[in-house]
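Structure data follow from work.txt (compact mmCIF, C-alpha atoms and all ligand atoms):
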# COMPACT_ATOMS: atom_id res chain seq x y z
CA MET A 1 13.87 -29.27 -27.25
CA ARG A 2 14.31 -31.54 -24.26
CA LEU A 3 17.20 -30.71 -21.95
CA ARG A 4 18.45 -33.09 -19.25
CA ILE A 5 20.53 -31.81 -16.39
CA ASP A 6 22.62 -34.56 -14.80
CA GLY A 7 25.11 -34.58 -11.96
CA GLY A 8 23.36 -32.10 -9.67
CA ARG A 9 22.15 -32.52 -6.12
CA LEU A 10 18.49 -31.63 -5.82
CA LEU A 11 17.24 -29.93 -2.68
CA ASP A 12 13.95 -31.46 -1.53
CA LEU A 13 11.96 -28.66 0.12
CA VAL A 14 9.81 -31.13 2.07
CA ASP A 15 12.37 -33.35 3.81
CA GLU A 16 15.17 -30.80 3.22
CA ASN A 17 17.56 -33.49 1.95
CA LEU A 18 20.03 -33.12 -0.89
CA ALA A 19 19.98 -36.10 -3.24
CA GLU A 20 21.61 -36.80 -6.58
CA ALA A 21 18.95 -36.51 -9.25
CA SER A 22 18.55 -35.51 -12.88
CA VAL A 23 15.94 -33.10 -14.16
CA LEU A 24 14.39 -33.36 -17.62
CA VAL A 25 12.85 -30.16 -18.96
CA ASP A 26 11.16 -29.10 -22.16
CA ASP A 27 11.35 -25.60 -23.64
CA ALA A 28 8.21 -26.11 -25.73
CA SER A 29 5.91 -26.49 -22.74
CA GLY A 30 8.35 -24.71 -20.41
CA GLU A 31 7.73 -27.45 -17.87
CA VAL A 32 9.65 -30.04 -15.90
CA LEU A 33 8.96 -33.44 -17.50
CA ALA A 34 10.64 -35.68 -14.93
CA VAL A 35 12.86 -35.64 -11.86
CA GLY A 36 14.92 -38.57 -10.56
CA ARG A 37 17.46 -41.15 -11.69
CA ASP A 38 17.73 -42.93 -15.05
CA LEU A 39 15.64 -40.40 -16.93
CA PRO A 40 14.87 -40.78 -20.67
CA GLU A 41 17.00 -39.45 -23.53
CA ALA A 42 17.10 -35.75 -24.28
CA ASP A 43 18.20 -33.53 -27.18
CA ARG A 44 20.85 -31.92 -24.98
CA VAL A 45 22.52 -33.01 -21.74
CA ILE A 46 24.26 -30.72 -19.27
CA ARG A 47 26.52 -32.50 -16.82
CA LEU A 48 26.93 -30.67 -13.51
CA ALA A 49 29.74 -31.38 -11.04
CA GLY A 50 27.67 -31.86 -7.90
CA GLU A 51 26.20 -28.35 -7.78
CA VAL A 52 23.01 -27.93 -5.79
CA LEU A 53 19.81 -27.53 -7.81
CA LEU A 54 17.22 -25.13 -6.44
CA PRO A 55 13.95 -23.78 -7.82
CA GLY A 56 14.58 -20.53 -9.74
CA LEU A 57 14.71 -17.56 -7.39
CA ILE A 58 11.95 -14.95 -7.53
CA ASP A 59 12.42 -11.25 -6.74
CA VAL A 60 9.23 -9.21 -6.45
CA HIS A 61 10.98 -5.83 -6.23
CA VAL A 62 13.41 -4.68 -8.91
CA HIS A 63 13.85 -1.45 -10.88
CA LEU A 64 14.49 -2.03 -14.59
CA ARG A 65 14.41 1.70 -15.54
CA GLU A 66 12.92 1.19 -19.01
CA PRO A 67 11.33 3.25 -20.46
CA GLY A 68 13.08 6.50 -19.73
CA PHE A 69 16.25 5.78 -17.79
CA GLU A 70 18.06 3.31 -20.07
CA ALA A 71 21.49 4.62 -19.01
CA LYS A 72 20.82 3.12 -15.55
CA GLU A 73 19.36 -0.22 -16.75
CA THR A 74 17.21 -1.69 -19.49
CA ILE A 75 14.69 -4.48 -19.28
CA ALA A 76 17.21 -6.66 -21.17
CA SER A 77 20.22 -5.82 -18.96
CA GLY A 78 18.17 -6.15 -15.77
CA ALA A 79 16.65 -9.48 -16.82
CA ALA A 80 20.14 -10.78 -17.73
CA ALA A 81 21.46 -9.61 -14.35
CA ALA A 82 18.58 -11.45 -12.68
CA ALA A 83 19.49 -14.65 -14.56
CA ALA A 84 23.11 -14.31 -13.40
CA GLY A 85 21.83 -14.00 -9.84
CA GLY A 86 19.84 -17.23 -10.14
CA PHE A 87 16.49 -15.46 -10.55
CA THR A 88 14.06 -16.83 -13.11
CA GLN A 89 11.18 -14.44 -12.34
CA ILE A 90 11.22 -10.80 -11.29
CA ALA A 91 8.53 -8.19 -10.76
CA CYS A 92 9.53 -4.68 -11.83
CA MET A 93 8.50 -1.40 -10.30
CA PRO A 94 6.65 1.21 -12.38
CA ASN A 95 8.70 4.31 -11.48
CA THR A 96 9.96 4.71 -15.04
CA LYS A 97 9.55 7.68 -17.41
CA PRO A 98 6.69 7.60 -18.21
CA PRO A 99 5.48 5.58 -15.22
CA ILE A 100 3.66 2.29 -15.96
CA ASP A 101 0.16 3.53 -15.22
CA ASP A 102 -1.93 2.32 -18.18
CA PRO A 103 -2.53 -1.07 -19.86
CA GLU A 104 -0.53 -0.21 -23.01
CA ARG A 105 2.56 0.52 -20.91
CA VAL A 106 2.13 -2.77 -19.03
CA ARG A 107 2.04 -4.57 -22.37
CA TYR A 108 5.17 -2.66 -23.48
CA VAL A 109 7.13 -4.01 -20.49
CA LEU A 110 5.92 -7.54 -21.25
CA ARG A 111 6.95 -7.23 -24.92
CA GLN A 112 10.43 -5.93 -24.07
CA ALA A 113 10.87 -8.68 -21.47
CA LYS A 114 9.88 -11.37 -23.93
CA ALA A 115 12.34 -10.03 -26.51
CA ALA A 116 15.11 -10.03 -23.87
CA GLY A 117 14.62 -13.78 -23.33
CA ALA A 118 16.23 -13.91 -19.88
CA ALA A 119 14.41 -13.99 -16.52
CA ARG A 120 10.64 -13.64 -16.83
CA VAL A 121 9.45 -10.15 -15.97
CA TRP A 122 6.13 -9.35 -14.32
CA PRO A 123 5.11 -5.70 -14.44
CA ILE A 124 3.90 -3.89 -11.36
CA ALA A 125 1.70 -0.93 -12.30
CA CYS A 126 1.13 2.39 -10.53
CA ILE A 127 -1.42 2.94 -7.78
CA THR A 128 -1.93 6.54 -8.92
CA LYS A 129 -1.68 8.12 -12.36
CA GLY A 130 1.86 9.32 -13.01
CA GLN A 131 2.62 8.32 -9.40
CA ALA A 132 1.38 11.80 -8.60
CA GLY A 133 -0.68 10.61 -5.63
CA LYS A 134 -3.85 12.37 -6.85
CA GLU A 135 -5.91 10.08 -9.04
CA LEU A 136 -6.25 6.26 -9.02
CA THR A 137 -5.28 4.10 -11.97
CA ASP A 138 -7.70 1.44 -13.28
CA ALA A 139 -6.73 -1.67 -11.26
CA ALA A 140 -8.93 -4.11 -13.22
CA ALA A 141 -7.66 -2.92 -16.62
CA LEU A 142 -4.05 -3.06 -15.43
CA LYS A 143 -4.54 -6.58 -14.16
CA ALA A 144 -6.14 -7.63 -17.45
CA ALA A 145 -3.07 -6.26 -19.28
CA GLY A 146 -0.74 -8.38 -17.13
CA ALA A 147 0.16 -6.36 -14.03
CA VAL A 148 0.76 -8.58 -10.98
CA ALA A 149 0.54 -5.85 -8.32
CA LEU A 150 0.13 -2.11 -7.85
CA SER A 151 2.76 0.20 -6.33
CA ASP A 152 3.83 3.84 -6.33
CA ASP A 153 7.29 2.67 -5.19
CA GLY A 154 9.77 5.50 -4.89
CA LYS A 155 7.26 7.35 -2.78
CA GLY A 156 4.38 6.69 -0.45
CA VAL A 157 0.74 7.52 -1.16
CA GLN A 158 0.42 10.51 1.17
CA ASP A 159 -3.38 10.85 1.03
CA GLY A 160 -4.94 8.27 3.37
CA GLY A 161 -8.40 8.58 1.82
CA LEU A 162 -6.99 7.91 -1.64
CA MET A 163 -5.05 4.93 -0.27
CA ARG A 164 -8.23 3.54 1.26
CA ARG A 165 -9.95 3.67 -2.14
CA ALA A 166 -6.85 2.23 -3.83
CA LEU A 167 -6.89 -0.78 -1.50
CA ALA A 168 -10.62 -1.32 -2.04
CA GLN A 169 -10.20 -1.20 -5.81
CA ALA A 170 -7.16 -3.50 -5.74
CA ALA A 171 -9.04 -5.98 -3.54
CA ALA A 172 -11.91 -6.05 -6.04
CA ALA A 173 -9.44 -6.57 -8.92
CA GLY A 174 -7.51 -9.25 -6.99
CA LEU A 175 -4.17 -7.44 -7.00
CA PRO A 176 -1.75 -7.01 -4.07
CA VAL A 177 -0.72 -3.44 -3.25
CA ALA A 178 3.04 -3.15 -2.65
CA VAL A 179 3.64 -0.12 -0.49
CA HIS A 180 6.66 2.11 -0.19
CA ALA A 181 5.79 3.33 3.31
CA GLU A 182 7.12 6.85 3.77
CA ASP A 183 5.22 9.76 5.25
CA GLU A 184 6.86 12.76 3.58
CA THR A 185 5.79 15.14 6.32
CA ILE A 186 7.86 13.04 8.76
CA ALA A 187 10.71 12.19 6.36
CA GLY A 188 10.98 15.88 5.55
CA GLY A 189 13.60 15.60 2.82
CA GLY A 190 16.01 13.60 4.99
CA VAL A 191 18.67 11.36 3.48
CA LEU A 192 20.19 9.13 6.22
CA HIS A 193 19.28 7.49 9.51
CA ALA A 194 19.99 9.51 12.68
CA GLY A 195 23.46 8.21 13.61
CA ALA A 196 25.02 8.65 10.18
CA ALA A 197 23.06 11.85 9.58
CA ARG A 198 24.51 13.41 12.74
CA ARG A 199 28.06 12.31 11.90
CA LEU A 200 27.91 13.72 8.39
CA GLY A 201 25.81 16.78 9.17
CA LEU A 202 22.97 15.71 6.86
CA PRO A 203 19.19 15.65 7.48
CA GLU A 204 17.73 12.42 8.87
CA ILE A 205 14.80 10.23 7.80
CA PRO A 206 13.19 9.27 11.12
CA PRO A 207 12.06 5.62 11.36
CA GLU A 208 8.54 6.85 12.15
CA ALA A 209 8.25 8.06 8.54
CA GLU A 210 8.05 4.37 7.60
CA ALA A 211 6.28 2.87 10.60
CA ALA A 212 3.49 5.48 10.76
CA MET A 213 2.45 4.76 7.19
CA ILE A 214 2.65 1.00 7.69
CA ALA A 215 0.31 1.39 10.69
CA ARG A 216 -2.15 3.39 8.57
CA ASP A 217 -2.04 0.89 5.71
CA ILE A 218 -2.49 -2.12 8.02
CA LEU A 219 -5.73 -0.59 9.35
CA LEU A 220 -6.90 0.24 5.82
CA ALA A 221 -6.05 -3.26 4.57
CA GLU A 222 -8.00 -4.76 7.44
CA GLN A 223 -10.97 -2.58 6.64
CA THR A 224 -10.93 -3.21 2.86
CA GLY A 225 -9.77 -6.85 2.86
CA ALA A 226 -6.97 -5.97 0.44
CA HIS A 227 -3.66 -7.82 0.26
CA LEU A 228 -1.10 -5.36 1.61
CA HIS A 229 2.52 -6.12 0.68
CA VAL A 230 5.03 -4.00 2.58
CA CYS A 231 8.19 -3.19 0.62
CA HIS A 232 11.74 -2.95 2.01
CA VAL A 233 11.01 -3.07 5.77
CA SER A 234 13.82 -1.33 7.66
CA THR A 235 12.74 -0.49 11.22
CA ALA A 236 12.08 -2.34 14.49
CA GLN A 237 8.72 -0.57 14.81
CA SER A 238 7.70 -1.74 11.34
CA VAL A 239 8.49 -5.36 12.23
CA ASP A 240 6.39 -5.08 15.42
CA LEU A 241 3.46 -3.57 13.51
CA ILE A 242 3.56 -6.30 10.84
CA ARG A 243 3.74 -8.99 13.54
CA TRP A 244 0.68 -7.41 15.19
CA ALA A 245 -1.19 -7.25 11.87
CA LYS A 246 -0.52 -10.93 11.20
CA GLN A 247 -1.83 -11.84 14.67
CA ARG A 248 -5.01 -9.92 13.82
CA GLY A 249 -5.43 -11.91 10.61
CA VAL A 250 -4.83 -8.98 8.27
CA ARG A 251 -3.89 -10.05 4.74
CA ILE A 252 -0.32 -8.81 4.78
CA THR A 253 3.04 -9.92 3.43
CA ALA A 254 6.36 -8.17 3.82
CA GLU A 255 9.77 -8.17 2.22
CA VAL A 256 13.19 -7.25 3.54
CA ALA A 257 16.22 -6.35 1.43
CA PRO A 258 19.65 -7.98 1.91
CA HIS A 259 21.22 -4.58 2.68
CA HIS A 260 18.85 -3.97 5.60
CA LEU A 261 19.74 -7.39 7.04
CA LEU A 262 23.49 -7.04 6.62
CA LEU A 263 24.31 -3.34 7.10
CA ALA A 264 23.49 -0.62 9.62
CA ASP A 265 24.14 3.12 9.48
CA ASP A 266 27.42 2.74 11.37
CA ALA A 267 28.86 1.46 8.05
CA ILE A 268 28.59 5.03 6.72
CA THR A 269 31.80 6.72 7.78
CA ALA A 270 32.31 9.08 4.83
CA ASP A 271 30.18 11.03 2.36
CA ASP A 272 29.90 8.11 -0.08
CA ALA A 273 26.57 7.85 -1.93
CA VAL A 274 27.00 4.11 -2.50
CA TYR A 275 25.42 3.83 0.97
CA LYS A 276 22.47 6.05 0.08
CA VAL A 277 19.27 4.05 -0.15
CA ASN A 278 15.63 4.54 0.70
CA PRO A 279 14.64 3.51 3.29
CA PRO A 280 18.09 4.27 4.73
CA LEU A 281 20.45 1.84 6.44
CA ARG A 282 19.08 2.02 9.99
CA SER A 283 20.50 1.58 13.48
CA GLU A 284 22.11 -1.68 14.57
CA ARG A 285 19.06 -2.25 16.77
CA ASP A 286 16.73 -1.87 13.78
CA ARG A 287 18.93 -4.19 11.74
CA GLN A 288 18.74 -6.84 14.45
CA ALA A 289 14.96 -6.48 14.66
CA CYS A 290 14.73 -7.00 10.88
CA VAL A 291 16.92 -10.11 11.17
CA ALA A 292 14.70 -11.45 14.00
CA GLY A 293 11.57 -10.67 11.96
CA PHE A 294 13.05 -12.40 8.92
CA LEU A 295 14.04 -15.48 10.92
CA ASP A 296 10.64 -15.81 12.65
CA GLY A 297 8.71 -15.31 9.39
CA THR A 298 7.15 -11.93 10.18
CA LEU A 299 9.07 -10.67 7.16
CA ASP A 300 8.03 -13.31 4.65
CA MET A 301 10.54 -12.94 1.89
CA ILE A 302 13.69 -11.40 0.53
CA ALA A 303 13.36 -8.80 -2.23
CA THR A 304 16.45 -7.01 -3.46
CA ASP A 305 14.98 -3.58 -4.38
CA HIS A 306 17.64 -3.70 -7.12
CA ALA A 307 17.95 0.04 -7.90
CA PRO A 308 20.61 0.75 -10.52
CA HIS A 309 22.01 4.26 -11.06
CA THR A 310 24.91 5.52 -13.20
CA ALA A 311 28.42 5.92 -11.77
CA GLU A 312 28.17 9.64 -12.50
CA GLU A 313 25.03 10.00 -10.37
CA LYS A 314 26.48 7.98 -7.51
CA GLN A 315 29.74 9.96 -7.51
CA LYS A 316 27.80 12.98 -6.27
CA PRO A 317 27.73 13.80 -2.57
CA ILE A 318 25.09 11.99 -0.49
CA ALA A 319 22.92 15.11 -0.33
CA GLU A 320 22.56 15.19 -4.14
CA ALA A 321 22.90 11.58 -5.34
CA PRO A 322 19.83 9.40 -6.01
CA PHE A 323 18.73 6.74 -3.48
CA GLY A 324 19.30 3.09 -4.39
CA MET A 325 21.60 0.06 -4.50
CA VAL A 326 21.87 -2.82 -6.97
CA GLY A 327 21.62 -6.31 -5.56
CA ILE A 328 20.10 -8.93 -7.80
CA GLU A 329 23.38 -10.61 -8.81
CA ILE A 330 24.67 -11.01 -5.27
CA ALA A 331 21.58 -11.52 -3.09
CA PHE A 332 21.75 -15.30 -2.94
CA PRO A 333 25.53 -15.56 -2.25
CA LEU A 334 25.31 -12.81 0.41
CA LEU A 335 22.42 -14.44 2.24
CA TYR A 336 23.71 -17.96 1.79
CA THR A 337 27.05 -16.92 3.27
CA HIS A 338 25.78 -14.79 6.15
CA PHE A 339 22.73 -16.84 7.14
CA VAL A 340 23.02 -20.44 5.91
CA ALA A 341 26.78 -21.01 6.03
CA ALA A 342 26.82 -19.03 9.30
CA GLY A 343 24.39 -21.57 10.79
CA ARG A 344 21.48 -19.17 11.37
CA LEU A 345 19.07 -20.46 8.71
CA ARG A 346 18.58 -23.75 6.89
CA LEU A 347 19.20 -23.74 3.14
CA ALA A 348 15.65 -24.94 2.42
CA GLU A 349 14.24 -22.06 4.44
CA LEU A 350 16.33 -19.49 2.53
CA VAL A 351 15.05 -21.00 -0.72
CA ARG A 352 11.46 -20.74 0.51
CA ARG A 353 12.04 -17.07 1.32
CA MET A 354 13.59 -16.36 -2.10
CA SER A 355 11.35 -18.50 -4.29
CA THR A 356 8.36 -20.33 -2.82
CA ARG A 357 6.96 -17.51 -0.67
CA PRO A 358 7.33 -14.73 -3.26
CA ALA A 359 5.60 -17.01 -5.81
CA GLN A 360 2.70 -17.61 -3.43
CA ALA A 361 2.36 -13.96 -2.43
CA PHE A 362 2.26 -12.69 -6.02
CA GLY A 363 0.28 -15.58 -7.51
CA LEU A 364 3.13 -16.85 -9.70
CA ALA A 365 3.81 -20.46 -10.68
CA GLY A 366 7.15 -21.73 -9.39
CA GLY A 367 8.99 -22.00 -6.12
CA VAL A 368 9.39 -25.78 -6.35
CA ILE A 369 10.93 -28.26 -8.81
CA ARG A 370 8.35 -30.91 -9.69
CA PRO A 371 7.06 -32.67 -12.82
CA GLY A 372 4.42 -30.49 -14.46
CA GLY A 373 5.74 -27.35 -12.75
CA PRO A 374 7.62 -24.58 -14.54
CA ALA A 375 11.11 -25.56 -15.71
CA ASP A 376 12.74 -22.82 -13.66
CA LEU A 377 15.84 -23.78 -11.73
CA VAL A 378 19.29 -22.66 -10.69
CA ALA A 379 22.49 -24.59 -9.94
CA VAL A 380 24.63 -23.03 -7.20
CA ARG A 381 28.16 -23.78 -5.99
CA LEU A 382 27.79 -23.64 -2.25
CA GLY A 383 31.44 -24.20 -1.40
CA GLU A 384 33.11 -21.85 -3.86
CA GLU A 385 34.16 -18.51 -2.41
CA ARG A 386 34.54 -15.51 -4.69
CA VAL A 387 34.87 -11.80 -4.03
CA ILE A 388 32.04 -9.51 -5.18
CA ARG A 389 33.26 -7.54 -8.20
CA PRO A 390 30.71 -4.99 -9.45
CA GLU A 391 32.71 -4.54 -12.67
CA ALA A 392 31.70 -8.12 -13.59
CA PHE A 393 27.95 -7.44 -13.20
CA ARG A 394 25.54 -7.93 -16.11
CA SER A 395 23.56 -5.05 -14.68
CA LYS A 396 24.48 -1.58 -15.90
CA GLY A 397 24.39 -0.53 -12.25
CA ARG A 398 27.55 -1.02 -10.16
CA ASN A 399 26.27 0.82 -7.08
CA THR A 400 26.71 -1.70 -4.27
CA PRO A 401 28.31 -1.30 -0.85
CA PHE A 402 29.19 -5.02 -0.92
CA ALA A 403 32.09 -4.71 -3.38
CA GLY A 404 35.04 -6.72 -2.11
CA TRP A 405 33.00 -8.97 0.21
CA PRO A 406 34.04 -12.63 -0.10
CA VAL A 407 30.96 -14.82 -0.45
CA CYS A 408 30.09 -18.37 -1.51
CA GLY A 409 26.95 -19.88 -3.03
CA TRP A 410 27.34 -18.46 -6.54
CA PRO A 411 24.84 -19.44 -9.26
CA VAL A 412 26.52 -21.07 -12.26
CA LEU A 413 23.55 -22.22 -14.36
CA THR A 414 20.05 -20.75 -14.60
CA VAL A 415 17.23 -22.33 -16.59
CA ALA A 416 13.89 -20.61 -17.14
CA GLN A 417 10.95 -22.20 -18.93
CA GLY A 418 13.26 -25.01 -20.01
CA ARG A 419 15.84 -22.67 -21.63
CA VAL A 420 19.34 -21.91 -20.39
CA ILE A 421 19.39 -18.18 -19.57
CA PHE A 422 22.74 -18.13 -17.73
CA ASP A 423 25.65 -20.56 -17.88
CA GLU A 424 28.94 -19.82 -16.20
CA ARG A 425 30.19 -23.30 -15.43
CA GLY A 426 33.87 -23.95 -15.97
CA GLU A 427 36.31 -25.04 -13.39
CA PRO A 428 35.39 -24.32 -9.78
CA HIS A 429 37.65 -21.61 -8.34
CA VAL A 430 38.49 -23.72 -5.30
N1 LIG B 501 15.17 2.10 -2.96
C1 LIG B 501 15.75 3.16 -3.44
O1 LIG B 501 16.60 3.73 -2.75
N2 LIG B 501 15.47 3.65 -4.66
C2 LIG B 501 14.45 3.20 -5.56
C3 LIG B 501 13.08 3.65 -5.16
C4 LIG B 501 12.48 2.86 -4.02
O2 LIG B 501 12.60 1.63 -3.96
O3 LIG B 501 11.80 3.45 -3.19
C5 LIG B 501 14.78 3.70 -6.94
O4 LIG B 501 13.90 3.69 -7.83
O5 LIG B 501 15.94 4.06 -7.20
ZN ZN B 502 10.59 2.07 -2.24
ZN ZN B 503 12.14 0.04 -4.96

Encoded form (C-alpha cells):
Amino acid sequence: MRLRIDGGRLLDLVDENLAEASVLVDDASGEVLAVGRDLPEADRVIRLAGEVLLPGLIDVHVHLREPGFEAKETIASGAAAAAAGGFTQIACMPNTKPPIDDPERVRYVLRQAKAAGAARVWPIACITKGQAGKELTDAAALKAAGAVALSDDGKGVQDGGLMRRALAQAAAAGLPVAVHAEDETIAGGGVLHAGAARRLGLPEIPPEAEAAMIARDILLAEQTGAHLHVCHVSTAQSVDLIRWAKQRGVRITAEVAPHHLLLADDAITADDAVYKVNPPLRSERDRQACVAGFLDGTLDMIATDHAPHTAEEKQKPIAEAPFGMVGIEIAFPLLYTHFVAAGRLRLAELVRRMSTRPAQAFGLAGGVIRPGGPADLVAVRLGEERVIRPEAFRSKGRNTPFAGWPVCGWPVLTVAQGRVIFDERGEPHV
C-alpha cells in the first residue's frame, strides 16, 4: 500500500530549512518512494496541519523486560511506547530473565518485536553468559542471529582481563560494545550521588565508580581496536575522558540520557524512589559538564535508558527500590523544549543526535528522509504545549520524575517501514 503524507513541513538536515513537502511511502518495500511537491497518487492520504516531519527517532538504550519481567514492560508495550515517543527503531538491553546471551534468545526478541508491529526492535546481547561476568558469550553467533551490539547493562564487567578479551572478540565480529561503566568496588552498594546521599542518610555512588571504568575501557578499546559505546554518561570526569579518547582517535561513541541533562541531585529532597536511577542524578557541576559535552559533540547522542518498573516497586524507599526511570515517550518533547525552544541547540542538530548519529553508530539504516531510504518518520507539533502525564503513557512503566512538566514538541504521527504505528492527530490543544 502506498501512503502519501501531505501538509507537513519537512526538515532538511543539510540546509536546516523547513519546507512544505509531501512524502510518498510504500509498506511493501518499507521505503520512501518520493519527497517533494505534486507527488503521484497513493492508496491512502494523510493530511497534516503544518506539523514538522523528521526522520524517525532512534534510541539505542531501552529496557523492554521481556522475557521474565512482563509486569514492568513487554516487547509489545515498550515498542508501542517508543512509537508514541516518535521512535521508529530501538535497541533493547539484554538484562531480562533469562538474559539474552544465546542466538535463540536473540531470535525470540526479534520474533516478539515483529509480532508487536510497532517500532523496530534491535536486540543487544550479553557480553558474558548470564551477565555473570565470568565467561564470554559467542559474539559472532550472536551477531549472526541479529544482535546489533553487546552489553552487560545493569552492571559493569568487573574483570579487566575478561573485558579485554570481550572487546577483541567483539571487534573481530564487528559489534560495538555498549558499556555500563561501574566499578562495584568503588560504588560499594551506594544508591545516590553525594549531596542527596548525605541529606537522606543513604550510601553514595562516587562518580569515580563510573569514570575509572570508562578510563580502563578506553585503553582496552584503543588496544583492541573495538568500537566502545559508553552508556548513560553522568559525570564531568567521564566527559573529559571521552573527549581525550576522541582526540587520541579511539573508536568511541557515547550517549547521555535526558534525565542527566535536565536534573541534578539537588532535585532529590525526599525519600522518593522515582529519582532513583543508575548512574544516579549527579551534582549540578556534573550536569553542566554533561550538557557541555552534549553540545560540543563529545557525547554523540541521546539515549533514554528507558527503565520501566512497577508502581509497587517504586513505592518502596530509595534504599530498597530498583534503579531506573522511563523516558521514551517524553524524550523528544523534553529536549526540544529545554534545548531547542530555549535557544541552546538547533532543531536539526537535536534530530541528528536522536536519529542520524545513533543510526550511524549502530549500523542501522535511517536517520534521514530520502527516496530509497527507510520509510521511517515522525510528525511533531512544535508549538503545542502539554503537561507530562504518566498515566497516559503506552508504557507499563510510569516511573518518571518529569510528571507535571509542561513541554512542547509532541509527536502526533509515527510511520515505520511505510506503516502508521502511532497516530494521535486531532485538534491541536492550542
Ligand atoms: N538505569 C537504571 O537505573 N536501571 C536499568 C539498568 C541500567 O541501565 O543500568 C534497569 O534495567 O532498570
Ligand atoms: Zn546501565
Ligand atoms: Zn540501561

Please produce, as a tab-separated table, a per-residue contact table for chain A versus ligand ZN 503 (chain B) (criterion: any atom at most 10 Å away, only C-alpha atoms and all ligand atoms considered), showing the nearest atom pair and its distance in Å to one decimal, sorted by chain then residue number.
residue	atom	partner	partner_atom	distance
A:Val60	CA	B:ZN503	ZN	9.8
A:His61	CA	B:ZN503	ZN	6.1
A:Val62	CA	B:ZN503	ZN	6.3
A:His63	CA	B:ZN503	ZN	6.3
A:Cys92	CA	B:ZN503	ZN	8.7
A:Met93	CA	B:ZN503	ZN	6.6
A:Pro94	CA	B:ZN503	ZN	9.3
A:Asn95	CA	B:ZN503	ZN	8.5
A:Ser151	CA	B:ZN503	ZN	9.5
A:Asp152	CA	B:ZN503	ZN	9.2
A:Asp153	CA	B:ZN503	ZN	5.5
A:Gly154	CA	B:ZN503	ZN	6.0
A:Lys155	CA	B:ZN503	ZN	9.1
A:Ala178	CA	B:ZN503	ZN	9.9
A:Val179	CA	B:ZN503	ZN	9.6
A:His180	CA	B:ZN503	ZN	7.6
A:Cys231	CA	B:ZN503	ZN	7.6
A:His232	CA	B:ZN503	ZN	7.6
A:Ala257	CA	B:ZN503	ZN	9.9
A:Val277	CA	B:ZN503	ZN	9.5
A:Asn278	CA	B:ZN503	ZN	8.0
A:Pro279	CA	B:ZN503	ZN	9.3
A:Ala303	CA	B:ZN503	ZN	9.3
A:Thr304	CA	B:ZN503	ZN	8.4
A:Asp305	CA	B:ZN503	ZN	4.6
A:His306	CA	B:ZN503	ZN	7.0
A:Ala307	CA	B:ZN503	ZN	6.5
A:Phe323	CA	B:ZN503	ZN	9.5
A:Gly324	CA	B:ZN503	ZN	7.8
A:Met325	CA	B:ZN503	ZN	9.5

Distance of atom CA of A:Leu334 from atom CA of A:Ser77, expressed in Å to one decimal place: 21.2 Å

Coordinates-based distance that separates atom CA of A:Glu284 from atom CA of A:Gly327 (Å, one decimal): 20.7 Å

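The coordinates place atom CA of A:Ala348 at 25.0 Å from atom CA of A:Ala80.
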
Protein and nucleic acid residues near (14.8, -29.0, -1.5) (cut-off 10 Å, only C-alpha atoms) as a PyMOL selection string: chain A and resi 9-19+52-55+347-349+351-352+368-369

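You can rank A:Asp26, A:Asp423, A:Asp101, A:Asp271 by their closest distance to A:Ala125 using only C-alpha atoms, and at the top of that list sits A:Asp101.
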
Counting only C-alpha atoms and all ligand atoms, the residue of A:Asp159, A:Glu73, A:Asp138, A:Glu31 that sits nearest ligand LIG 501 (chain B):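 Of A:Asp159, A:Glu73, A:Asp138, A:Glu31, the one nearest ligand LIG 501 (chain B), counting only C-alpha atoms and all ligand atoms, is A:Glu73.
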
Test item: residues at most 8 Å from stretch 266-268 of chain A, all atoms listed in the file, excluding those fewer than 6 positions along its chain, as a list of chain:residue names: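 Selected residues are A:Gly195, A:Ala196, A:Tyr275, A:Ser283, A:Glu284.
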
Nearest to ligand LIG 501 (chain B), chosen from A:Gly8, A:Pro40, A:Gly383, A:Gly397, with all atoms listed in the file counted in the distances: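 For ligand LIG 501 (chain B), the nearest of the given residues is A:Gly397.
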
Using all atoms listed in the file: which of A:Val121, A:Leu262, A:Ala21, A:Leu150 has the shortest distance to A:Phe339: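 Of the candidates, the smallest distance to A:Phe339 is held by A:Leu262.
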
Point (14.0, 12.9, 8.4), cut-off 9 Å, counting only C-alpha atoms, residues as a list in words: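 Returned residue set, sorted by chain then number, is Glu184, Thr185, Ile186, Ala187, Gly188, Gly189, Gly190, Val191, Leu192, His193, Ala194, Pro203, Glu204, Ile205, Pro206, Pro207, Glu208 and Ala209 of chain A.
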
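Nearest residue to A:Ala83 among A:Glu135, A:Glu20, A:Glu329, A:Glu222 is A:Glu329, counting all atoms listed in the file.
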
Pick from A:Pro322, A:Gly372, A:Gly367, A:Thr337 nearest to A:Trp405, counting only C-alpha atoms: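 Among the listed residues, A:Thr337 lies closest to A:Trp405.
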
A:Gly56 environment, 8 Å, only C-alpha atoms, sequence neighbours closer than 2 positions dropped, as number ranges by chain: A: 54, 58, 86-89, 355, 366-367, 376-378, 414-416

Exercise: A:Val45 partners within 9 Å, all atoms listed in the file, chain neighbours under 4 positions left out, as a list in words: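 Skipping anything fewer than 4 positions along the chain leaves Arg2, Leu3, Arg4, Ile5, Asp6 and Glu41 of chain A.
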
Listed atoms of stretch 341-359 of chain A boxed axis-aligned with 5 Å per side, centre + edges as lines of an AutoDock Vina configuration file:
center_x = 16.2
center_y = -19.8
center_z = 2.8
size_x = 31.2
size_y = 20.2
size_z = 27.2

Residues within 9 Å of A:Leu335, all atoms listed in the file, excluding chain neighbours under 4 positions, as a VMD selection string: chain A and resid 258 261 to 262 330 to 331 339 to 341 350 407 409
